[in-house]
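Participant: File target-v3.cif below, mmCIF, C-alpha atoms:
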data_data
#
loop_
_atom_site.label_atom_id
_atom_site.label_comp_id
_atom_site.auth_asym_id
_atom_site.auth_seq_id
_atom_site.Cartn_x
_atom_site.Cartn_y
_atom_site.Cartn_z
CA MET Q 30 92.04 68.68 134.07
CA PRO Q 31 89.60 69.11 131.17
CA GLU Q 32 87.22 66.26 130.40
CA ASP Q 33 87.45 64.90 126.86
CA LYS Q 34 84.03 64.35 125.30
CA THR Q 35 82.70 63.82 121.83
CA PRO Q 36 80.04 66.36 120.77
CA ASP Q 37 77.34 63.72 121.29
CA GLU Q 38 78.64 62.94 124.77
CA ALA Q 39 78.94 66.64 125.56
CA LEU Q 40 75.35 67.22 124.39
CA GLU Q 41 73.97 64.45 126.62
CA TRP Q 42 76.11 65.54 129.58
CA PHE Q 43 75.22 69.24 129.19
CA ASN Q 44 71.50 68.48 128.89
CA SER Q 45 71.67 66.45 132.08
CA ARG Q 46 73.70 69.12 133.86
CA ILE Q 47 71.27 71.96 133.09
CA SER Q 48 68.03 69.98 133.35
CA SER Q 49 67.16 71.39 136.78
CA SER Q 50 67.73 74.95 135.55
CA VAL Q 51 65.55 74.65 132.44
CA SER Q 52 62.76 72.36 133.65
CA GLY Q 53 60.89 75.13 135.53
CA PRO Q 54 60.63 77.63 132.65
CA ARG Q 55 59.84 74.84 130.17
CA ASN Q 56 57.07 73.36 132.34
CA SER Q 57 55.59 76.81 132.86
CA ALA Q 58 55.70 77.46 129.10
CA THR Q 59 54.04 74.11 128.38
CA LYS Q 60 51.18 74.85 130.78
CA HIS Q 61 50.67 78.29 129.32
CA LEU Q 62 50.75 76.93 125.78
CA ARG Q 63 47.92 74.55 126.67
CA ALA Q 64 45.96 77.51 128.02
CA ILE Q 65 46.46 79.38 124.74
CA MET Q 66 45.38 76.33 122.73
CA ASP Q 67 42.25 76.08 124.92
CA ARG Q 68 41.44 79.73 124.16
CA ILE Q 69 41.87 79.06 120.44
CA GLU Q 70 39.42 76.17 120.73
CA GLU Q 71 36.97 78.52 122.45
CA VAL Q 72 37.20 80.92 119.49
CA LYS Q 73 36.60 78.05 117.05
CA THR Q 74 33.66 76.80 119.13
CA ALA Q 75 32.15 80.29 119.22
CA ALA Q 76 32.59 80.54 115.44
CA HIS Q 77 30.62 77.31 114.95
CA ARG Q 78 27.48 79.26 115.84
CA PHE Q 79 27.95 81.30 112.67
CA ASP Q 80 27.74 78.29 110.37
CA TYR Q 81 24.65 78.46 108.09
CA SER Q 82 26.15 76.40 105.29
CA ASP Q 83 23.43 73.75 105.60
CA ILE Q 84 20.68 76.25 104.75
CA LYS Q 85 19.48 75.88 101.16
CA ASP Q 86 18.82 79.56 100.45
CA PRO Q 87 20.66 81.64 103.07
CA ASP Q 88 20.20 85.40 103.20
CA VAL Q 89 23.03 87.96 103.00
CA TYR Q 90 23.63 87.99 106.76
CA GLN Q 91 23.73 84.22 106.91
CA ASN Q 92 26.31 84.20 104.12
CA TYR Q 93 28.41 86.71 106.09
CA ALA Q 94 28.11 84.54 109.20
CA THR Q 95 29.18 81.39 107.33
CA THR Q 96 32.16 83.29 105.92
CA ILE Q 97 33.22 84.17 109.48
CA TYR Q 98 32.96 80.50 110.46
CA ASN Q 99 34.98 79.28 107.47
CA ARG Q 100 37.69 81.93 107.85
CA THR Q 101 38.00 81.16 111.57
CA LEU Q 102 38.74 77.51 110.83
CA GLU Q 103 41.16 78.42 108.02
CA LEU Q 104 43.17 80.78 110.22
CA PHE Q 105 43.32 78.81 113.45
CA GLU Q 106 43.18 75.19 112.27
CA ASP Q 107 46.92 74.97 111.50
CA ILE Q 108 48.12 76.50 114.79
CA ILE Q 109 49.92 73.64 116.52
CA GLN Q 110 51.55 73.66 119.92
CA PRO Q 111 55.35 73.25 119.56
CA GLU Q 112 56.54 69.73 120.30
CA GLU Q 113 59.98 70.88 121.44
CA ILE Q 114 60.00 73.69 123.98
CA THR Q 115 62.70 76.19 123.06
CA HIS Q 116 62.70 79.96 123.07
CA GLU Q 117 62.93 80.05 119.29
CA ASN Q 118 59.91 77.75 118.89
CA LEU Q 119 57.91 79.64 121.50
CA GLU Q 120 58.67 82.99 119.88
CA HIS Q 121 57.71 81.64 116.47
CA PHE Q 122 54.46 80.24 117.91
CA VAL Q 123 53.52 83.54 119.54
CA ASN Q 124 54.35 85.67 116.48
CA ASP Q 125 52.46 83.31 114.18
CA THR Q 126 49.41 83.32 116.45
CA LYS Q 127 49.48 87.12 116.82
CA ASN Q 128 49.65 87.54 113.03
CA LYS Q 129 46.66 85.26 112.60
CA ILE Q 130 44.71 87.14 115.28
CA SER Q 131 45.50 90.44 113.53
CA THR Q 132 44.29 89.03 110.21
CA TYR Q 133 41.23 87.63 111.97
CA ILE Q 134 40.33 90.96 113.57
CA ASN Q 135 40.59 92.72 110.18
CA MET Q 136 38.28 90.13 108.68
CA LEU Q 137 35.76 90.39 111.56
CA SER Q 138 35.64 94.19 111.36
CA LYS Q 139 34.34 93.85 107.81
CA TYR Q 140 31.55 91.35 108.50
CA LEU Q 141 30.56 91.95 112.14
CA SER Q 142 29.67 95.56 111.39
CA TRP Q 143 26.88 94.16 109.19
CA LEU Q 144 25.80 91.34 111.50
CA LYS Q 145 25.43 93.69 114.46
CA ARG Q 146 22.52 95.27 112.61
CA ASP Q 147 20.58 92.05 113.05
CA ARG Q 148 19.60 91.42 116.67
CA SER Q 149 19.54 87.68 116.15
CA TYR Q 150 23.34 87.70 115.98
CA LYS Q 151 23.89 89.85 119.06
CA THR Q 152 24.61 86.98 121.50
CA LYS Q 153 26.77 85.12 118.99
CA VAL Q 154 28.85 88.22 118.31
CA LYS Q 155 29.36 88.86 122.02
CA THR Q 156 30.39 85.23 122.65
CA LEU Q 157 32.92 85.34 119.80
CA ASP Q 158 34.19 88.71 120.94
CA ARG Q 159 34.69 87.48 124.53
CA SER Q 160 36.51 84.35 123.30
CA LEU Q 161 38.80 86.43 121.10
CA THR Q 162 39.48 88.89 123.93
CA ARG Q 163 40.45 86.05 126.28
CA LEU Q 164 42.78 84.65 123.59
CA LYS Q 165 44.49 88.03 123.17
CA GLU Q 166 44.85 88.40 126.94
CA GLU Q 167 46.37 84.93 127.19
CA ILE Q 168 48.88 85.77 124.47
CA HIS Q 169 49.71 89.08 126.12
CA LEU Q 170 50.25 87.32 129.47
CA PHE Q 171 52.41 84.68 127.84
CA GLU Q 172 54.63 87.31 126.17
CA ASN Q 173 55.06 89.48 129.23
CA LYS Q 174 55.44 86.78 131.84
CA THR Q 175 56.21 83.25 130.67
CA LEU Q 176 58.26 84.14 127.60
CA LEU Q 177 60.06 86.93 129.45
CA SER Q 178 61.11 84.65 132.31
CA TYR Q 179 62.05 81.97 129.77
CA THR Q 180 64.78 84.22 128.37
CA GLU Q 181 66.94 83.28 131.37
CA ILE Q 182 67.64 79.86 129.86
CA ILE Q 183 68.26 81.00 126.26
CA LYS Q 184 72.02 80.87 126.88
CA PHE Q 185 71.73 77.15 127.71
CA GLU Q 186 69.64 76.45 124.62
CA LYS Q 187 72.20 78.29 122.48
CA VAL Q 188 74.90 75.87 123.62
CA ILE Q 189 72.61 72.93 122.81
CA ASP Q 190 71.78 74.40 119.38
CA ASP Q 191 75.46 74.96 118.65
CA LEU Q 192 76.31 71.41 119.73
CA ASN Q 193 73.66 70.06 117.36
CA ILE Q 194 74.97 72.30 114.58
CA LEU Q 195 78.52 71.12 115.35
CA ILE Q 196 77.41 67.49 115.12
CA GLN Q 197 75.70 68.18 111.77
CA ASN Q 198 78.80 69.97 110.46
CA LEU Q 199 81.04 67.10 111.54
CA GLU Q 200 78.79 64.65 109.71
CA ARG Q 201 78.81 66.85 106.63
CA ASN Q 202 82.57 67.25 106.88
CA GLN Q 203 83.02 63.46 106.98
CA TYR Q 204 80.70 63.07 104.01
CA LEU Q 205 82.67 65.65 101.99
CA GLU Q 206 85.98 64.00 102.85
CA ASN Q 207 84.60 60.65 101.68
CA GLU Q 208 83.35 62.28 98.48
CA ILE Q 209 86.75 63.87 97.86
CA GLU Q 210 88.42 60.53 98.50
CA SER Q 211 86.02 58.84 96.05
CA HIS Q 212 87.42 61.06 93.27
CA LYS Q 213 91.01 60.10 94.11
CA ASN Q 214 91.41 57.88 91.03
CA ASP Q 215 90.12 60.63 88.71
CA VAL Q 216 92.58 63.09 90.25
CA GLU Q 217 95.44 60.61 89.93
CA LYS Q 218 94.70 59.99 86.23
CA VAL Q 219 94.85 63.70 85.46
CA THR Q 220 97.96 64.07 87.64
CA LYS Q 221 99.75 61.36 85.63
CA LYS Q 222 98.93 63.20 82.41
CA ILE Q 223 100.32 66.38 83.93
CA GLU Q 224 103.50 64.59 85.00
CA VAL Q 225 104.03 63.11 81.51
CA ASN Q 226 103.60 66.52 79.87
CA GLN Q 227 105.74 68.19 82.52
CA LYS Q 228 108.55 65.70 81.91
CA GLU Q 229 108.44 66.41 78.17
CA LEU Q 230 108.34 70.16 78.88
CA ASP Q 231 111.33 69.92 81.23
CA GLU Q 232 113.30 68.05 78.60
CA LEU Q 233 112.61 70.80 76.07
CA LYS Q 234 113.42 73.57 78.52
CA ASN Q 235 116.61 71.79 79.56
CA HIS Q 236 117.84 71.72 75.97
CA PRO Q 237 121.57 72.66 75.95
CA GLY Q 238 120.71 75.62 73.76
CA PHE Q 239 118.60 77.13 76.56
CA GLN Q 240 121.42 76.67 79.02
CA GLN Q 241 123.80 78.39 76.61
CA LEU Q 242 121.36 81.25 76.06
CA LEU Q 243 121.02 81.72 79.79
CA LYS Q 244 124.78 81.67 80.26
CA ASN Q 245 125.28 84.14 77.40
CA ARG Q 246 122.62 86.53 78.74
CA LYS Q 247 124.28 86.65 82.14
CA GLU Q 248 127.67 87.27 80.56
CA LEU Q 249 126.23 89.97 78.29
CA GLU Q 250 124.73 91.68 81.33
CA HIS Q 251 128.17 91.67 82.94
CA ILE Q 252 129.76 93.10 79.79
CA GLU Q 253 127.06 95.77 79.55
CA ILE Q 254 127.75 96.88 83.14
CA SER Q 255 131.52 96.95 82.52
CA ILE Q 256 131.14 99.04 79.35
CA SER Q 257 128.65 101.35 81.05
CA ASN Q 258 131.13 101.97 83.88
CA LYS Q 259 133.77 102.90 81.34
CA VAL Q 260 131.64 105.51 79.60
CA THR Q 261 129.92 107.18 82.61
CA GLU Q 262 131.91 110.39 82.37
CA ILE Q 263 132.09 110.13 78.58
CA LYS Q 264 128.28 110.18 78.44
CA LYS Q 265 128.19 113.37 80.54
CA LEU Q 266 130.78 114.99 78.32
CA SER Q 267 128.90 113.88 75.19
CA SER Q 268 125.71 115.46 76.51
CA LYS Q 269 127.47 118.80 76.96
CA VAL Q 270 128.99 118.65 73.49
CA LEU Q 271 125.62 117.76 71.92
CA ARG Q 272 123.92 120.68 73.65
CA ALA Q 273 126.68 122.98 72.48
CA ALA Q 274 126.28 121.65 68.93
CA ASP Q 275 122.52 122.22 69.08
CA SER Q 276 123.25 125.81 70.12
CA ARG Q 277 125.74 126.09 67.23
CA LYS Q 278 128.56 126.85 69.67
CA VAL Q 279 130.59 123.98 68.22
CA GLU Q 280 130.64 122.12 64.92
CA LEU Q 281 129.70 118.44 64.96
CA SER Q 282 129.15 116.04 62.04
CA ASP Q 283 125.96 114.03 61.79
CA LEU Q 284 127.95 110.79 62.19
CA ASP Q 285 129.64 111.98 65.38
CA ARG Q 286 126.32 113.34 66.66
CA ASP Q 287 124.59 109.95 66.14
CA THR Q 288 127.49 108.03 67.69
CA MET Q 289 127.48 110.27 70.80
CA LYS Q 290 123.71 109.85 71.19
CA ASN Q 291 124.08 106.08 70.90
CA LEU Q 292 126.90 106.10 73.47
CA ILE Q 293 124.56 107.88 75.87
CA LYS Q 294 121.58 105.66 75.13
CA ASP Q 295 123.13 102.22 74.56
CA PRO Q 296 126.91 102.10 74.94
CA MET Q 297 127.23 98.34 74.54
CA GLY Q 298 124.95 98.34 71.51
CA VAL Q 299 127.04 100.90 69.65
CA ILE Q 300 130.28 99.02 70.48
CA VAL Q 301 128.87 95.64 69.42
CA LYS Q 302 127.49 96.94 66.12
CA GLU Q 303 130.94 98.21 65.08
CA ARG Q 304 133.45 96.04 63.26
CA GLU Q 305 136.22 94.56 65.37
CA GLY Q 306 138.23 97.35 66.89
CA TYR Q 307 135.21 99.77 66.89
CA SER Q 308 137.07 102.29 64.71
CA GLY Q 309 133.97 104.48 64.25
CA VAL Q 310 133.57 104.89 68.03
CA LYS Q 311 137.27 105.65 68.36
CA TYR Q 312 137.02 108.36 65.68
CA THR Q 313 134.09 109.99 67.49
CA LEU Q 314 135.90 109.78 70.86
CA ARG Q 315 138.91 111.58 69.40
CA THR Q 316 136.54 114.25 68.07
CA LEU Q 317 134.86 114.44 71.46
CA LYS Q 318 138.19 114.91 73.25
CA GLU Q 319 139.22 117.60 70.84
CA ILE Q 320 135.93 119.54 70.97
CA SER Q 321 135.79 119.28 74.78
CA GLN Q 322 138.74 121.68 74.91
CA GLU Q 323 136.61 124.42 73.33
CA PRO Q 324 135.58 127.26 75.72
CA ALA Q 325 131.92 126.50 75.02
CA ILE Q 326 132.26 123.16 76.82
CA GLN Q 327 132.21 123.74 80.57
CA MET Q 328 132.89 120.71 82.79
CA LYS Q 329 134.55 120.26 86.15
CA LYS Q 330 138.24 119.56 85.83
CA GLU Q 331 138.09 116.30 87.79
CA ARG Q 332 135.24 114.92 85.69
CA LEU Q 333 136.82 116.05 82.47
CA GLN Q 334 140.06 114.33 83.46
CA ARG Q 335 138.19 111.07 84.20
CA ALA Q 336 136.44 111.34 80.83
CA TYR Q 337 139.82 111.76 79.09
CA GLU Q 338 141.19 108.74 80.94
CA ASN Q 339 138.21 106.64 79.88
CA ILE Q 340 138.55 107.84 76.29
CA ASP Q 341 142.24 106.91 76.24
CA GLU Q 342 141.44 103.46 77.70
CA ILE Q 343 138.85 102.81 75.01
CA LEU Q 344 141.20 104.10 72.30
CA ASN Q 345 143.83 101.69 73.64
CA ASP Q 346 141.41 98.78 72.99
CA GLU Q 347 140.43 98.11 76.60
CA LEU Q 348 136.91 97.30 75.37
CA LEU Q 349 138.12 95.12 72.50
CA GLU Q 350 137.86 91.88 74.45
CA TYR Q 351 134.38 92.83 75.60
CA GLN Q 352 133.41 93.61 72.03
CA LYS Q 353 134.67 90.26 70.73
CA LYS Q 354 132.91 88.30 73.48
CA ALA Q 355 129.65 90.21 73.09
CA GLN Q 356 129.63 89.86 69.30
CA PHE Q 357 130.37 86.13 69.56
CA MET Q 358 127.62 85.52 72.13
CA ILE Q 359 125.05 87.61 70.27
CA ASN Q 360 125.79 85.72 67.05
CA GLN Q 361 125.62 82.46 68.97
CA ASN Q 362 122.26 83.45 70.48
CA GLU Q 363 120.90 84.32 67.06
CA ALA Q 364 122.05 80.96 65.73
CA ILE Q 365 120.42 79.13 68.65
CA ASP Q 366 117.19 81.10 68.21
CA SER Q 367 117.22 80.29 64.52
CA LYS Q 368 117.70 76.60 65.28
CA PHE Q 369 114.90 76.70 67.82
CA LYS Q 370 112.61 78.23 65.20
CA GLU Q 371 113.43 75.40 62.82
CA MET Q 372 112.61 72.93 65.59
CA ARG Q 373 109.42 74.92 66.39
CA LEU Q 374 110.61 74.65 69.98
CA ASP Q 375 108.76 77.73 71.20
CA ILE Q 376 105.48 76.40 69.72
CA LYS Q 377 105.99 73.00 71.33
CA ILE Q 378 106.76 74.58 74.69
CA LYS Q 379 103.73 76.89 74.56
CA LYS Q 380 101.51 73.97 73.56
CA LEU Q 381 102.75 71.81 76.43
CA GLU Q 382 102.42 74.69 78.90
CA GLY Q 383 98.85 75.28 77.73
CA GLU Q 384 97.98 71.59 78.04
CA ILE Q 385 99.47 71.44 81.54
CA ASP Q 386 97.55 74.55 82.62
CA ASN Q 387 94.29 73.13 81.25
CA LEU Q 388 94.90 69.76 82.92
CA LYS Q 389 95.58 71.47 86.25
CA ILE Q 390 92.32 73.41 85.89
CA ASP Q 391 90.47 70.17 85.08
CA ARG Q 392 92.06 68.41 88.05
CA ASN Q 393 91.16 71.28 90.33
CA ARG Q 394 87.55 71.26 89.16
CA ILE Q 395 87.03 67.59 90.04
CA THR Q 396 86.77 68.32 93.75
CA LEU Q 397 86.78 72.14 93.81
CA SER Q 398 83.22 72.66 95.09
CA LEU Q 399 83.65 69.86 97.63
CA ARG Q 400 86.93 71.28 98.92
CA ARG Q 401 85.56 74.80 99.15
CA GLU Q 402 82.56 73.64 101.16
CA ASN Q 403 84.84 71.47 103.27
CA GLU Q 404 87.08 74.44 104.07
CA GLU Q 405 84.07 76.55 105.05
CA ILE Q 406 82.70 73.80 107.29
CA GLU Q 407 86.09 73.20 108.92
CA ALA Q 408 86.26 76.92 109.75
CA LYS Q 409 82.76 76.74 111.27
CA ILE Q 410 83.70 73.63 113.25
CA SER Q 411 86.77 75.34 114.66
CA SER Q 412 84.83 78.48 115.61
CA LEU Q 413 81.91 76.54 117.13
CA THR Q 414 84.21 74.25 119.11
CA LYS Q 415 86.02 77.13 120.78
CA SER Q 416 82.77 78.96 121.53
CA ILE Q 417 81.04 75.87 122.96
CA GLU Q 418 83.98 74.90 125.17
CA LYS Q 419 84.19 78.42 126.52
CA ARG Q 420 80.48 78.68 127.34
CA ILE Q 421 80.25 75.19 128.87
CA GLU Q 422 82.97 76.15 131.30
CA GLU Q 423 81.26 79.48 131.98
CA TYR Q 424 77.83 77.92 132.66
CA THR Q 425 78.87 74.73 134.50
CA ASP Q 426 82.29 75.53 136.02
CA ARG Q 427 83.56 72.38 134.30
CA GLU Q 428 86.24 72.40 131.60
CA VAL Q 429 85.30 70.20 128.66
CA LYS Q 430 87.51 69.44 125.66
CA LEU Q 431 85.54 68.40 122.56
CA LYS Q 432 86.99 65.42 120.70
CA LEU Q 433 86.30 65.87 117.00
#
Would it be possible to restate this file's structure as structure tokens?
Facilitator:
Amino acid sequence: MPEDKTPDEALEWFNSRISSSVSGPRNSATKHLRAIMDRIEEVKTAAHRFDYSDIKDPDVYQNYATTIYNRTLELFEDIIQPEEITHENLEHFVNDTKNKISTYINMLSKYLSWLKRDRSYKTKVKTLDRSLTRLKEEIHLFENKTLLSYTEIIKFEKVIDDLNILIQNLERNQYLENEIESHKNDVEKVTKKIEVNQKELDELKNHPGFQQLLKNRKELEHIEISISNKVTEIKKLSSKVLRAADSRKVELSDLDRDTMKNLIKDPMGVIVKEREGYSGVKYTLRTLKEISQEPAIQMKKERLQRAYENIDEILNDELLEYQKKAQFMINQNEAIDSKFKEMRLDIKIKKLEGEIDNLKIDRNRITLSLRRENEEIEAKISSLTKSIEKRIEEYTDREVKLKL
């Protein structure tokens, strides 16, 4: 059974559990750090012999020597032994010290080359050189022995680091949630404004005229499909006749030509635009039937027969009811649209929609940055939790469930 622990409890428990494994490398590192700090003090002590700042009129060599002393203190004075022994802190300490030694050597190469010309500095230079050499050797030994062996416990420190990061993220997450909650009243005020505007918008959009328009559009779509089905073969026949007319194989009036083109392009439109009974379409269909018997018009017998049947149905007023309904609904739609324009309904709707959109943006902005950060932190918490639980079990053979 997994043990339930808060991150703080898990941190204390894990530290206790691994203490025996990490104490050796950490004690060794601490001892070696003290040795390095002692070597640094030796370098600083050796540099003290180069201080001629109390001389009233120093010569050039004495000025060089004092510069070495001052630069030594500047470079090594701020090197501090890490309080907490971790691989990251040790690595930072070593790299920082090595960089300072490198800078120091570059500085010495400039001034010592001059001081070596004066025999009075010979012993001082040798003492400083020996101190610096011992410091470099100590650093080299630390890197290749102590720090190398210390890497064995990095995996434990990574769990501890992640537990500390998890604890920080949980604290930040709680803070963000409290901040979001503190803006609750502001969010509610904007939400109420949105609801008021939305109610007014719904009332406008639920106007009976809109419902009628919607109903009419659906019915018109049905009529359009029905008419289109009736003229499928007629459209094919019309296309053949039009091509024949373009090739001057048959004679066709401009009126019949336009009507046939409209039947192909928009059959319902041409029917609806006619007066009741669509006499103009009927006239063209009779012409079409007559011309289709010309040798220049080649069409399969079955299709031609279906086209004739459709023509006869239309001539017998089978589309009359569709025409009446479509004309009525189109006129009704135009009347409703005209009324809506008088009421400036479209302007009112667009204005309300714009206000609602702007209010939603304003509401979202109130806590947007907080919520985004909160989402990012929650994702980190989830990822860290799984990783920590997995590694704790791997390193201790104990299953721990973190209570968040």
Participant: Pick the closest to Q:Trp42 from Q:Ile320, Q:Ser160, Q:Asn202, Q:Val188: which is it, counting only C-alpha atoms?
Facilitator: Q:Val188
Participant: With only C-alpha atoms as the basis for distance, which of Q:Asp231, Q:Asp107, Q:Asp67, Q:Glu186 is at the shortest distance from Q:Ser48?
Facilitator: Q:Glu186
Participant: Rounded to one decimal place, report the atom CA of Q:Lys264-atom CA of Q:Met358 distance in Å.
Facilitator: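 Taking atom CA of Q:Lys264 as the start and atom CA of Q:Met358 as the end point, the length is 25.5 Å.
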Participant: When you look at Q:Glu210 with a cut-off of 10 Å (counting all atoms listed in the file), what residues show up, excluding the ones that are within fewer than 6 positions of it in the same chain? I need them as a ChimeraX atom specification.
Facilitator: /Q:204,216,396
Participant: Which residues come within 10 Å of stretch 100-106 of chain Q, counting only C-alpha atoms, excluding same-chain residues fewer than 6 positions away, as a VMD selection string?
Facilitator: chain Q and resid 66 69 to 70 72 to 77 126 128 to 130 132 to 133 136 to 137
Participant: To test your reading of the syntax: which residues would the PyMOL selection byres ((chain Q and resi 280-283) around 12) return for the file shown? Reply as a PyMOL selection string.
Facilitator: chain Q and resi 267+270-279+284-290+312-313+316-317+319-321+323+325
Participant: Apply the PyMOL selection byres ((chain Q and resi 293) around 12) to the file shown and report the selected residues as a PyMOL selection string.
Facilitator: chain Q and resi 256-271+286-292+294-300
Participant: Return the single residue from Q:Ser49, Q:Ser255, Q:Asn403, Q:Ser416 that is closest to Q:Leu431, with distances computed using only C-alpha atoms.
Facilitator: Q:Ser416
Participant: What does the distance between atom CA of Q:Lys379 and atom CA of Q:Asn214 come to in Å, to one decimal place?
Facilitator: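 About the pair atom CA of Q:Lys379 and atom CA of Q:Asn214: they are 28.0 Å apart.
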Participant: Compare Q:Lys318, Q:His116, Q:Lys155, Q:Lys380 by their minimum atom-to-atom distance to Q:Glu172, counting only C-alpha atoms, and give me the closest one.
Facilitator: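 Among the listed residues, the smallest separation from Q:Glu172 belongs to Q:His116.
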Participant: Give me the residues within 12 Å of Q:Asn193 as a VMD selection string, counting all atoms listed in the file and dropping any in the same chain fewer than 2 places off.
Facilitator: chain Q and resid 35 to 41 43 to 44 186 to 191 195 to 200 410 413 to 414 417
Participant: Which of these residues is nearest to Q:Leu397, using all atoms listed in the file: Q:Lys218, Q:His212, Q:Lys415, Q:Arg148?
Facilitator: Q:His212
Participant: Name the residues captured by the PyMOL selection byres ((chain Q and resi 430) around 7) when it is applied to the shown file; answer as JSON, numbers by chain.
Facilitator: {"Q": [31, 32, 33, 34, 418, 428, 429, 431, 432]}
Participant: Could you state the separation of atom CA of Q:Arg163 and atom CA of Q:Leu119 in Å, given to one decimal place?
Facilitator: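 Separation between atom CA of Q:Arg163 and atom CA of Q:Leu119: 19.2 Å.
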Participant: For Q:Glu113, work out the shell of residues within 12 Å, counting all atoms listed in the file and skipping chain neighbours fewer than 4 positions away, then give it as a PDB file with C-alpha atoms, in the frame of the given file.
Facilitator:
ATOM      1  CA  ARG Q  55      59.840  74.840 130.170  1.00  0.00           C
ATOM      2  CA  ASN Q  56      57.070  73.360 132.340  1.00  0.00           C
ATOM      3  CA  ALA Q  58      55.700  77.460 129.100  1.00  0.00           C
ATOM      4  CA  THR Q  59      54.040  74.110 128.380  1.00  0.00           C
ATOM      5  CA  LEU Q  62      50.750  76.930 125.780  1.00  0.00           C
ATOM      6  CA  ILE Q 109      49.920  73.640 116.520  1.00  0.00           C
ATOM      7  CA  GLU Q 117      62.930  80.050 119.290  1.00  0.00           C
ATOM      8  CA  ASN Q 118      59.910  77.750 118.890  1.00  0.00           C
ATOM      9  CA  LEU Q 119      57.910  79.640 121.500  1.00  0.00           C
ATOM     10  CA  PHE Q 122      54.460  80.240 117.910  1.00  0.00           C
ATOM     11  CA  GLU Q 186      69.640  76.450 124.620  1.00  0.00           C
TER      12      GLU Q 186
END
Participant: Q:Gly306: which residues within 12 Å, counting only C-alpha atoms, same-chain residues fewer than 4 positions away excluded, as number ranges by chain?
Facilitator: Q: 300-302, 310-312, 343-353, 356
